[in-house]
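See structure below.
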Amino acid sequence: MSALHWQKSSFSGEANGCVYVAAADDGTIKLHESDDPAGAIVTTTPEKLRAFILGVKAGEFDHFVDADIDATA
């Protein structure tokens with residue numbers, strides 16, 4: 001297996017708490033959190049990642065973020 005080339009969103013800036021994504025040689029997608037680079041790596045397929053991203057864009061997960069905002073307001 002060749003080295004993974006991790007990428008993070010340009011929306012992250014220099015902040016910690018980002019999610020990195022990499023494409024593996026076997027066609028899977030790998031994800032890990034920037035604040036624990038030696039920690040767990042989640043493996044998924046391009047199709048499942050696409051479905052998740054579409055759900056995020058459609059607002060299906062906004063209640064998770066809104067809950068955090070409501071709790072700190």
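Chain identifiers are assigned as A, B, and so on, following the order in which chains appear in the structure tokens; residues are numbered from 1 within each chain, and ligands are numbered from 1 in order of appearance.
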message = Show me, as a PyMOL selection string, the residues that have an atom within 9 Å of A:Thr44 when counting only C-alpha atoms, minus same-chain residues fewer than 2 positions from it.
response = chain A and resi 28-31+42+46-49
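Distance check against A:Ser34 using only C-alpha atoms: of A:Ala58, A:Lys8, A:Ala51, A:Asp66, the minimum falls on A:Lys8.
When atom CA of A:Cys18 is paired with atom CA of A:Ile41, their separation reads 13.4 Å.
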request  = Looking only at helix (DSSP H, G or I) from DSSP on the backbone, list the matching residues of stretch 4-49 of chain A as a ChimeraX atom specification.
outcome  = /A:10-12,46-49
task = From the DSSP assignment of the backbone, select every residue of stretch 18-65 of chain A that is strand (DSSP E or B), and format the answer as a list in words.
result = Val19, Tyr20, Val21, Ala22, Ala23, Ile29, Lys30, Leu31, His32, Glu33, Val42, Thr43 and Thr44 of chain A
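Nearest to A:Ala22 of all the residues A:His63, A:Lys57, A:His5, A:Arg50 is A:His5, counting only C-alpha atoms.
Counting only C-alpha atoms, A:Val19 has the following residues at most 9 Å away, ignoring those fewer than 2 positions along the same chain: Gln7, Lys8, Ser9, Ser12, Gly17, Val21, Leu31, His32, Glu33, Ser34 and Asp35 of chain A.
Atom pair atom CA of A:Phe61 / atom CA of A:Leu4 has a distance of 28.2 Å (rounded to one decimal).
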inquiry  = If I take atom CA of A:Asp26 and atom CA of A:Thr45, how far is one from the other in Å, to one decimal?
reply    = 10.0 Å
